[in-house]
$ cat work39.cif   # mmCIF, C-alpha atoms; chains and numbers go by the auth columns
data_entry
#
loop_
_atom_site.group_PDB
_atom_site.id
_atom_site.type_symbol
_atom_site.label_atom_id
_atom_site.label_comp_id
_atom_site.label_asym_id
_atom_site.label_seq_id
_atom_site.Cartn_x
_atom_site.Cartn_y
_atom_site.Cartn_z
_atom_site.B_iso_or_equiv
_atom_site.auth_seq_id
_atom_site.auth_asym_id
ATOM 1 C CA MET A 1 89.749 84.946 75.859 0.00 21 O
ATOM 2 C CA ASN A 2 91.501 82.751 73.371 0.00 22 O
ATOM 3 C CA THR A 3 94.771 80.931 74.037 0.00 23 O
ATOM 4 C CA THR A 4 96.932 83.348 72.057 0.00 24 O
ATOM 5 C CA LYS A 5 95.716 86.392 73.992 0.00 25 O
ATOM 6 C CA PHE A 6 96.078 84.508 77.271 0.00 26 O
ATOM 7 C CA ARG A 7 99.703 83.630 76.472 0.00 27 O
ATOM 8 C CA GLN A 8 100.464 87.223 75.385 0.00 28 O
ATOM 9 C CA LEU A 9 98.940 88.583 78.596 0.00 29 O
ATOM 10 C CA SER A 10 100.921 86.060 80.639 0.00 30 O
ATOM 11 C CA LYS A 11 104.123 87.057 78.844 0.00 31 O
ATOM 12 C CA GLY A 12 103.466 90.747 79.492 0.00 32 O
ATOM 13 C CA LEU A 13 102.686 90.157 83.159 0.00 33 O
ATOM 14 C CA LYS A 14 105.813 88.028 83.485 0.00 34 O
ATOM 15 C CA TRP A 15 107.930 91.019 82.416 0.00 35 O
ATOM 16 C CA VAL A 16 105.974 93.449 84.609 0.00 36 O
ATOM 17 C CA PHE A 17 106.626 91.276 87.667 0.00 37 O
ATOM 18 C CA ARG A 18 110.309 90.919 86.760 0.00 38 O
ATOM 19 C CA MET A 19 110.658 94.699 86.572 0.00 39 O
ATOM 20 C CA ILE A 20 108.870 95.140 89.906 0.00 40 O
ATOM 21 C CA SER A 21 111.184 92.516 91.393 0.00 41 O
ATOM 22 C CA ILE A 22 114.256 94.377 90.155 0.00 42 O
ATOM 23 C CA LEU A 23 112.946 97.720 91.461 0.00 43 O
ATOM 24 C CA LEU A 24 112.253 96.225 94.879 0.00 44 O
ATOM 25 C CA ALA A 25 115.722 94.643 95.012 0.00 45 O
ATOM 26 C CA VAL A 26 117.289 98.008 94.177 0.00 46 O
ATOM 27 C CA GLN A 27 115.277 99.631 96.967 0.00 47 O
ATOM 28 C CA GLY A 28 116.487 96.937 99.364 0.00 48 O
ATOM 29 C CA ILE A 29 120.070 97.676 98.357 0.00 49 O
ATOM 30 C CA ILE A 30 119.477 101.410 98.856 0.00 50 O
ATOM 31 C CA TYR A 31 118.209 100.715 102.376 0.00 51 O
ATOM 32 C CA LEU A 32 121.266 98.559 103.050 0.00 52 O
ATOM 33 C CA VAL A 33 123.635 101.244 101.773 0.00 53 O
ATOM 34 C CA SER A 34 121.771 103.837 103.871 0.00 54 O
ATOM 35 C CA ILE A 35 122.696 101.906 107.011 0.00 55 O
ATOM 36 C CA PHE A 36 126.406 102.297 106.283 0.00 56 O
ATOM 37 C CA VAL A 37 126.287 105.786 104.789 0.00 57 O
ATOM 38 C CA GLY A 38 123.981 107.127 107.477 0.00 58 O
ATOM 39 C CA LYS A 39 121.953 109.276 105.093 0.00 59 O
ATOM 40 C CA SER A 40 118.327 108.902 104.231 0.00 60 O
ATOM 41 C CA PRO A 41 117.555 107.629 100.717 0.00 61 O
ATOM 42 C CA SER A 42 114.811 110.223 100.294 0.00 62 O
ATOM 43 C CA THR A 43 113.740 113.483 101.863 0.00 63 O
ATOM 44 C CA THR A 44 110.144 113.418 100.694 0.00 64 O
ATOM 45 C CA VAL A 45 108.802 110.351 102.445 0.00 65 O
ATOM 46 C CA THR A 46 107.581 109.617 105.922 0.00 66 O
ATOM 47 C CA GLU A 47 108.596 107.312 108.754 0.00 67 O
ATOM 48 C CA PHE A 48 108.470 103.523 108.434 0.00 68 O
ATOM 49 C CA SER A 49 105.420 102.390 106.549 0.00 69 O
ATOM 50 C CA HIS A 50 105.378 99.049 104.764 0.00 70 O
ATOM 51 C CA TYR A 51 102.010 99.608 103.133 0.00 71 O
ATOM 52 C CA SER A 52 103.312 101.109 99.917 0.00 72 O
ATOM 53 C CA LEU A 53 105.018 98.789 97.458 0.00 73 O
ATOM 54 C CA LEU A 54 107.278 101.126 95.511 0.00 74 O
ATOM 55 C CA THR A 55 108.072 104.037 97.840 0.00 75 O
ATOM 56 C CA MET A 56 111.002 104.432 100.152 0.00 76 O
ATOM 57 C CA SER A 57 110.122 105.061 103.761 0.00 77 O
ATOM 58 C CA VAL A 58 112.741 107.023 105.647 0.00 78 O
ATOM 59 C CA LYS A 59 112.710 110.736 106.411 0.00 79 O
ATOM 60 C CA GLU A 60 115.795 112.902 106.632 0.00 80 O
ATOM 61 C CA ASN A 61 115.687 114.108 110.239 0.00 81 O
ATOM 62 C CA MET A 62 114.574 110.827 111.792 0.00 82 O
ATOM 63 C CA GLU A 63 115.989 109.795 115.165 0.00 83 O
ATOM 64 C CA PRO A 64 119.074 107.582 114.715 0.00 84 O
ATOM 65 C CA TYR A 65 117.416 104.550 116.307 0.00 85 O
ATOM 66 C CA ASN A 66 114.316 104.797 114.163 0.00 86 O
ATOM 67 C CA PHE A 67 116.507 105.362 111.118 0.00 87 O
ATOM 68 C CA LEU A 68 118.571 102.228 111.809 0.00 88 O
ATOM 69 C CA ALA A 69 115.512 100.055 112.520 0.00 89 O
ATOM 70 C CA THR A 70 113.765 101.370 109.410 0.00 90 O
ATOM 71 C CA CYS A 71 116.765 100.668 107.207 0.00 91 O
ATOM 72 C CA ILE A 72 117.277 97.160 108.595 0.00 92 O
ATOM 73 C CA LEU A 73 113.630 96.148 108.237 0.00 93 O
ATOM 74 C CA GLY A 74 113.271 98.043 104.962 0.00 94 O
ATOM 75 C CA THR A 75 116.123 95.984 103.510 0.00 95 O
ATOM 76 C CA ILE A 76 114.586 92.697 104.672 0.00 96 O
ATOM 77 C CA GLU A 77 111.102 93.626 103.513 0.00 97 O
ATOM 78 C CA ARG A 78 112.132 94.871 100.065 0.00 98 O
ATOM 79 C CA ILE A 79 114.308 91.836 99.368 0.00 99 O
ATOM 80 C CA ALA A 80 111.480 89.510 100.480 0.00 100 O
ATOM 81 C CA LEU A 81 108.946 91.366 98.319 0.00 101 O
ATOM 82 C CA SER A 82 111.405 91.227 95.435 0.00 102 O
ATOM 83 C CA TYR A 83 111.489 87.448 95.817 0.00 103 O
ATOM 84 C CA VAL A 84 107.673 87.340 95.879 0.00 104 O
ATOM 85 C CA ALA A 85 107.500 89.417 92.686 0.00 105 O
ATOM 86 C CA TRP A 86 110.066 87.131 91.050 0.00 106 O
ATOM 87 C CA GLN A 87 107.945 84.112 91.991 0.00 107 O
ATOM 88 C CA GLY A 88 105.006 85.930 90.390 0.00 108 O
ATOM 89 C CA SER A 89 107.004 86.246 87.171 0.00 109 O
ATOM 90 C CA ILE A 90 107.746 82.509 87.308 0.00 110 O
ATOM 91 C CA PHE A 91 104.021 81.847 87.769 0.00 111 O
ATOM 92 C CA PHE A 92 103.159 83.863 84.665 0.00 112 O
ATOM 93 C CA SER A 93 106.025 82.235 82.776 0.00 113 O
ATOM 94 C CA LEU A 94 104.490 78.842 83.550 0.00 114 O
ATOM 95 C CA LEU A 95 101.082 80.049 82.400 0.00 115 O
ATOM 96 C CA GLU A 96 102.689 81.268 79.187 0.00 116 O
ATOM 97 C CA LYS A 97 104.229 77.866 78.431 0.00 117 O
ATOM 98 C CA GLU A 98 101.958 75.269 80.058 0.00 118 O
ATOM 99 C CA THR A 99 98.846 73.896 78.445 0.00 119 O
ATOM 100 C CA SER A 100 96.893 73.792 81.715 0.00 120 O
ATOM 101 C CA PRO A 101 97.164 76.035 84.778 0.00 121 O
ATOM 102 C CA PHE A 102 96.095 73.090 86.949 0.00 122 O
ATOM 103 C CA SER A 103 99.414 71.566 87.932 0.00 123 O
ATOM 104 C CA MET A 104 101.244 70.942 91.165 0.00 124 O
ATOM 105 C CA THR A 105 103.996 73.353 90.087 0.00 125 O
ATOM 106 C CA VAL A 106 101.490 76.206 89.788 0.00 126 O
ATOM 107 C CA TYR A 107 99.997 75.174 93.138 0.00 127 O
ATOM 108 C CA ARG A 108 103.399 75.269 94.865 0.00 128 O
ATOM 109 C CA ILE A 109 104.278 78.683 93.453 0.00 129 O
ATOM 110 C CA LEU A 110 100.924 80.248 94.368 0.00 130 O
ATOM 111 C CA ARG A 111 101.054 78.704 97.827 0.00 131 O
ATOM 112 C CA LYS A 112 104.568 80.068 98.349 0.00 132 O
ATOM 113 C CA ILE A 113 103.527 83.554 97.191 0.00 133 O
ATOM 114 C CA GLY A 114 100.475 83.585 99.456 0.00 134 O
ATOM 115 C CA LEU A 115 102.341 82.379 102.523 0.00 135 O
ATOM 116 C CA LEU A 116 105.212 84.815 101.942 0.00 136 O
ATOM 117 C CA LEU A 117 102.855 87.784 101.636 0.00 137 O
ATOM 118 C CA ILE A 118 101.124 86.801 104.862 0.00 138 O
ATOM 119 C CA ALA A 119 104.438 86.196 106.645 0.00 139 O
ATOM 120 C CA ILE A 120 105.918 89.518 105.520 0.00 140 O
ATOM 121 C CA GLU A 121 102.798 91.342 106.695 0.00 141 O
ATOM 122 C CA LEU A 122 103.029 89.731 110.135 0.00 142 O
ATOM 123 C CA PHE A 123 106.828 89.674 110.473 0.00 143 O
ATOM 124 C CA VAL A 124 107.883 93.208 109.501 0.00 144 O
ATOM 125 C CA PRO A 125 105.891 95.371 111.963 0.00 145 O
ATOM 126 C CA PHE A 126 106.486 92.981 114.856 0.00 146 O
ATOM 127 C CA THR A 127 110.197 92.706 114.106 0.00 147 O
ATOM 128 C CA TYR A 128 110.444 96.479 113.686 0.00 148 O
ATOM 129 C CA SER A 129 109.177 96.856 117.235 0.00 149 O
ATOM 130 C CA ILE A 130 111.639 94.288 118.537 0.00 150 O
ATOM 131 C CA VAL A 131 114.615 95.749 116.645 0.00 151 O
ATOM 132 C CA LEU A 132 113.730 99.266 117.776 0.00 152 O
ATOM 133 C CA SER A 133 113.398 98.067 121.373 0.00 153 O
ATOM 134 C CA PHE A 134 116.811 96.378 121.288 0.00 154 O
ATOM 135 C CA ILE A 135 118.764 99.213 119.680 0.00 155 O
ATOM 136 C CA GLU A 136 117.016 102.038 121.511 0.00 156 O
ATOM 137 C CA ILE A 137 117.951 102.642 125.123 0.00 157 O
ATOM 138 C CA LYS A 138 114.574 103.836 126.372 0.00 158 O
ATOM 139 C CA ALA A 139 111.513 101.693 127.062 0.00 159 O
ATOM 140 C CA PHE A 140 109.894 99.269 124.676 0.00 160 O
ATOM 141 C CA ASP A 141 108.112 100.759 121.700 0.00 161 O
ATOM 142 C CA TRP A 142 105.559 98.307 120.275 0.00 162 O
ATOM 143 C CA TYR A 143 103.669 98.811 117.062 0.00 163 O
ATOM 144 C CA ILE A 144 100.301 97.197 116.576 0.00 164 O
ATOM 145 C CA ILE A 145 100.132 94.790 113.692 0.00 165 O
ATOM 146 C CA ALA A 146 97.421 96.029 111.380 0.00 166 O
ATOM 147 C CA PHE A 147 96.280 93.793 108.580 0.00 167 O
ATOM 148 C CA SER A 148 96.513 95.645 105.325 0.00 168 O
ATOM 149 C CA GLY A 149 95.688 94.716 101.768 0.00 169 O
ATOM 150 C CA GLN A 150 98.898 92.710 101.477 0.00 170 O
ATOM 151 C CA PHE A 151 97.676 90.270 104.134 0.00 171 O
ATOM 152 C CA MET A 152 94.322 89.879 102.397 0.00 172 O
ATOM 153 C CA ILE A 153 95.942 89.428 98.979 0.00 173 O
ATOM 154 C CA GLY A 154 98.242 86.778 100.439 0.00 174 O
ATOM 155 C CA PHE A 155 95.260 85.007 101.984 0.00 175 O
ATOM 156 C CA VAL A 156 93.317 85.078 98.684 0.00 176 O
ATOM 157 C CA ILE A 157 96.324 83.804 96.711 0.00 177 O
ATOM 158 C CA TYR A 158 96.818 81.003 99.229 0.00 178 O
ATOM 159 C CA PHE A 159 93.121 80.103 98.901 0.00 179 O
ATOM 160 C CA MET A 160 93.442 80.110 95.085 0.00 180 O
ATOM 161 C CA ALA A 161 96.408 77.751 95.406 0.00 181 O
ATOM 162 C CA GLU A 162 94.281 75.348 97.439 0.00 182 O
ATOM 163 C CA VAL A 163 91.543 75.529 94.783 0.00 183 O
ATOM 164 C CA ILE A 164 94.129 74.619 92.143 0.00 184 O
ATOM 165 C CA ARG A 165 95.362 71.730 94.313 0.00 185 O
ATOM 166 C CA TYR A 166 91.782 70.515 94.590 0.00 186 O
ATOM 167 C CA GLY A 167 91.421 70.820 90.791 0.00 187 O
ATOM 168 C CA VAL A 168 94.598 68.773 90.310 0.00 188 O
ATOM 169 C CA SER A 169 93.295 66.050 92.629 0.00 189 O
ATOM 170 C CA LEU A 170 89.960 65.998 90.758 0.00 190 O
ATOM 171 C CA GLN A 171 91.834 65.729 87.466 0.00 191 O
ATOM 172 C CA GLN A 172 93.891 62.806 88.795 0.00 192 O
ATOM 173 C CA PHE A 173 90.728 61.100 90.061 0.00 193 O
ATOM 174 C CA SER A 174 89.072 61.611 86.686 0.00 194 O
ATOM 175 C CA ASP A 175 92.092 60.180 84.879 0.00 195 O
ATOM 176 C CA ASP A 176 92.161 57.167 87.213 0.00 196 O
ATOM 177 C CA VAL A 177 88.444 56.457 86.703 0.00 197 O
ATOM 178 C CA VAL A 178 88.662 56.681 82.902 0.00 198 O
#

$ encode --input "work39.cif" --output "structure tokens"
Amino acid sequence: MNTTKFRQLSKGLKWVFRMISILLAVQGIIYLVSIFVGKSPSTTVTEFSHYSLLTMSVKENMEPYNFLATCILGTIERIALSYVAWQGSIFFSLLEKETSPFSMTVYRILRKIGLLLIAIELFVPFTYSIVLSFIEIKAFDWYIIAFSGQFMIGFVIYFMAEVIRYGVSLQQFSDDVV
């Protein structure tokens, strides 16, 4: 792939990630509004499931406690994923403008994206269980944390960031030797 096509692809992906970020932020706001309005944002979706990126996850006749916990964690998760998508757009913006993808700025952004994806995957189900246990009067209701594709993608992105950091250190060593 030549440089022109690479920059065009990076520019296109930058805008795709910005749009995804905006959509996720809007979904987070809808969840937040649902807490105060008390109505479900959608009647066609199922109970809390954070595995799907662009679907809402509340059903209409959900128990009030589950509804509240789902809306609270849905808001947090969607806003966090919106931030991750925005960081992805910044990454592609850097690739569009920079001459080399091997820089510490690219490393920091990829590392942040990877760690955030892993943290969201671990934080949301566990926190959902805790929130539900605190707002519900009956016994504790724990959900098992299952590692989905988001965890694996976060791990791979974090690994790629470390490869880029290693490439940057090799480049600095090469420059120092020459």

$ closest_residue --input "work39.cif" --among "O:Ile96, O:Leu33, O:Met180, O:Ile49" --to "Leu114 of chain O" --atoms "all atoms listed in the file"
O:Leu33

$ closest_residue --input "work39.cif" --among "O:Ser102, O:Thr24, O:Gln191, O:Ser149" --to "Thr90 of chain O" --atoms "only C-alpha atoms"
O:Ser149

$ closest_residue --input "work39.cif" --among "O:Ser168, O:Thr125, O:Ser113, O:Ser153" --to "Ile140 of chain O" --atoms "all atoms listed in the file"
O:Ser168

$ resolve_selection --input "work39.cif" --expression "the PyMOL selection byres ((chain O and resi 43) around 12)" --output "list in words"
Val36, Phe37, Arg38, Met39, Ile40, Ser41, Ile42, Leu44, Ala45, Val46, Gln47, Gly48, Ile49, Ile50, Leu73, Leu74, Thr75, Met76, Arg98, Ile99, Leu101, Ser102, Tyr103, Ala105 and Trp106 of chain O

$ closest_residue --input "work39.cif" --among "O:Phe111, O:Tyr85, O:Phe193, O:Phe143" --to "Glu97 of chain O" --atoms "only C-alpha atoms"
O:Phe143

$ build_atoms --input "work39.cif" --residues "segment 87-108 of chain O" --atoms "N, CA and C atoms" --output "PDB file, keeping the file's coordinate frame"
ATOM      1  N   PHE O  87     115.870 105.444 112.431  1.00  0.00           N
ATOM      2  CA  PHE O  87     116.507 105.362 111.118  1.00  0.00           C
ATOM      3  C   PHE O  87     117.141 103.991 110.919  1.00  0.00           C
ATOM      4  N   LEU O  88     117.900 103.527 111.913  1.00  0.00           N
ATOM      5  CA  LEU O  88     118.571 102.228 111.809  1.00  0.00           C
ATOM      6  C   LEU O  88     117.561 101.085 111.719  1.00  0.00           C
ATOM      7  N   ALA O  89     116.536 101.106 112.558  1.00  0.00           N
ATOM      8  CA  ALA O  89     115.512 100.055 112.520  1.00  0.00           C
ATOM      9  C   ALA O  89     114.766 100.066 111.187  1.00  0.00           C
ATOM     10  N   THR O  90     114.460 101.258 110.692  1.00  0.00           N
ATOM     11  CA  THR O  90     113.765 101.370 109.410  1.00  0.00           C
ATOM     12  C   THR O  90     114.621 100.834 108.270  1.00  0.00           C
ATOM     13  N   CYS O  91     115.889 101.152 108.275  1.00  0.00           N
ATOM     14  CA  CYS O  91     116.765 100.668 107.207  1.00  0.00           C
ATOM     15  C   CYS O  91     116.954  99.152 107.267  1.00  0.00           C
ATOM     16  N   ILE O  92     117.101  98.613 108.467  1.00  0.00           N
ATOM     17  CA  ILE O  92     117.277  97.160 108.595  1.00  0.00           C
ATOM     18  C   ILE O  92     116.034  96.429 108.105  1.00  0.00           C
ATOM     19  N   LEU O  93     114.869  96.830 108.625  1.00  0.00           N
ATOM     20  CA  LEU O  93     113.630  96.148 108.237  1.00  0.00           C
ATOM     21  C   LEU O  93     113.230  96.485 106.812  1.00  0.00           C
ATOM     22  N   GLY O  94     113.550  97.685 106.354  1.00  0.00           N
ATOM     23  CA  GLY O  94     113.271  98.043 104.962  1.00  0.00           C
ATOM     24  C   GLY O  94     114.045  97.156 104.006  1.00  0.00           C
ATOM     25  N   THR O  95     115.305  96.871 104.344  1.00  0.00           N
ATOM     26  CA  THR O  95     116.123  95.984 103.510  1.00  0.00           C
ATOM     27  C   THR O  95     115.506  94.589 103.460  1.00  0.00           C
ATOM     28  N   ILE O  96     115.166  94.050 104.614  1.00  0.00           N
ATOM     29  CA  ILE O  96     114.586  92.697 104.672  1.00  0.00           C
ATOM     30  C   ILE O  96     113.274  92.642 103.920  1.00  0.00           C
ATOM     31  N   GLU O  97     112.412  93.637 104.143  1.00  0.00           N
ATOM     32  CA  GLU O  97     111.102  93.626 103.513  1.00  0.00           C
ATOM     33  C   GLU O  97     111.206  93.754 101.990  1.00  0.00           C
ATOM     34  N   ARG O  98     112.027  94.664 101.515  1.00  0.00           N
ATOM     35  CA  ARG O  98     112.132  94.871 100.065  1.00  0.00           C
ATOM     36  C   ARG O  98     112.734  93.655  99.358  1.00  0.00           C
ATOM     37  N   ILE O  99     113.718  93.028  99.973  1.00  0.00           N
ATOM     38  CA  ILE O  99     114.308  91.836  99.368  1.00  0.00           C
ATOM     39  C   ILE O  99     113.276  90.701  99.351  1.00  0.00           C
ATOM     40  N   ALA O 100     112.520  90.553 100.431  1.00  0.00           N
ATOM     41  CA  ALA O 100     111.480  89.510 100.480  1.00  0.00           C
ATOM     42  C   ALA O 100     110.387  89.783  99.441  1.00  0.00           C
ATOM     43  N   LEU O 101     109.961  91.031  99.323  1.00  0.00           N
ATOM     44  CA  LEU O 101     108.946  91.366  98.319  1.00  0.00           C
ATOM     45  C   LEU O 101     109.492  91.207  96.899  1.00  0.00           C
ATOM     46  N   SER O 102     110.778  91.458  96.735  1.00  0.00           N
ATOM     47  CA  SER O 102     111.405  91.227  95.435  1.00  0.00           C
ATOM     48  C   SER O 102     111.335  89.750  95.063  1.00  0.00           C
ATOM     49  N   TYR O 103     111.589  88.892  96.043  1.00  0.00           N
ATOM     50  CA  TYR O 103     111.489  87.448  95.817  1.00  0.00           C
ATOM     51  C   TYR O 103     110.056  87.041  95.475  1.00  0.00           C
ATOM     52  N   VAL O 104     109.083  87.630  96.162  1.00  0.00           N
ATOM     53  CA  VAL O 104     107.673  87.340  95.879  1.00  0.00           C
ATOM     54  C   VAL O 104     107.328  87.758  94.449  1.00  0.00           C
ATOM     55  N   ALA O 105     107.774  88.948  94.049  1.00  0.00           N
ATOM     56  CA  ALA O 105     107.500  89.417  92.686  1.00  0.00           C
ATOM     57  C   ALA O 105     108.179  88.514  91.659  1.00  0.00           C
ATOM     58  N   TRP O 106     109.376  88.042  91.971  1.00  0.00           N
ATOM     59  CA  TRP O 106     110.066  87.131  91.050  1.00  0.00           C
ATOM     60  C   TRP O 106     109.303  85.810  90.926  1.00  0.00           C
ATOM     61  N   GLN O 107     108.770  85.323  92.033  1.00  0.00           N
ATOM     62  CA  GLN O 107     107.945  84.112  91.991  1.00  0.00           C
ATOM     63  C   GLN O 107     106.685  84.356  91.166  1.00  0.00           C
ATOM     64  N   GLY O 108     106.141  85.568  91.236  1.00  0.00           N
ATOM     65  CA  GLY O 108     105.006  85.930  90.390  1.00  0.00           C
ATOM     66  C   GLY O 108     105.362  85.877  88.922  1.00  0.00           C
TER      67      GLY O 108
END
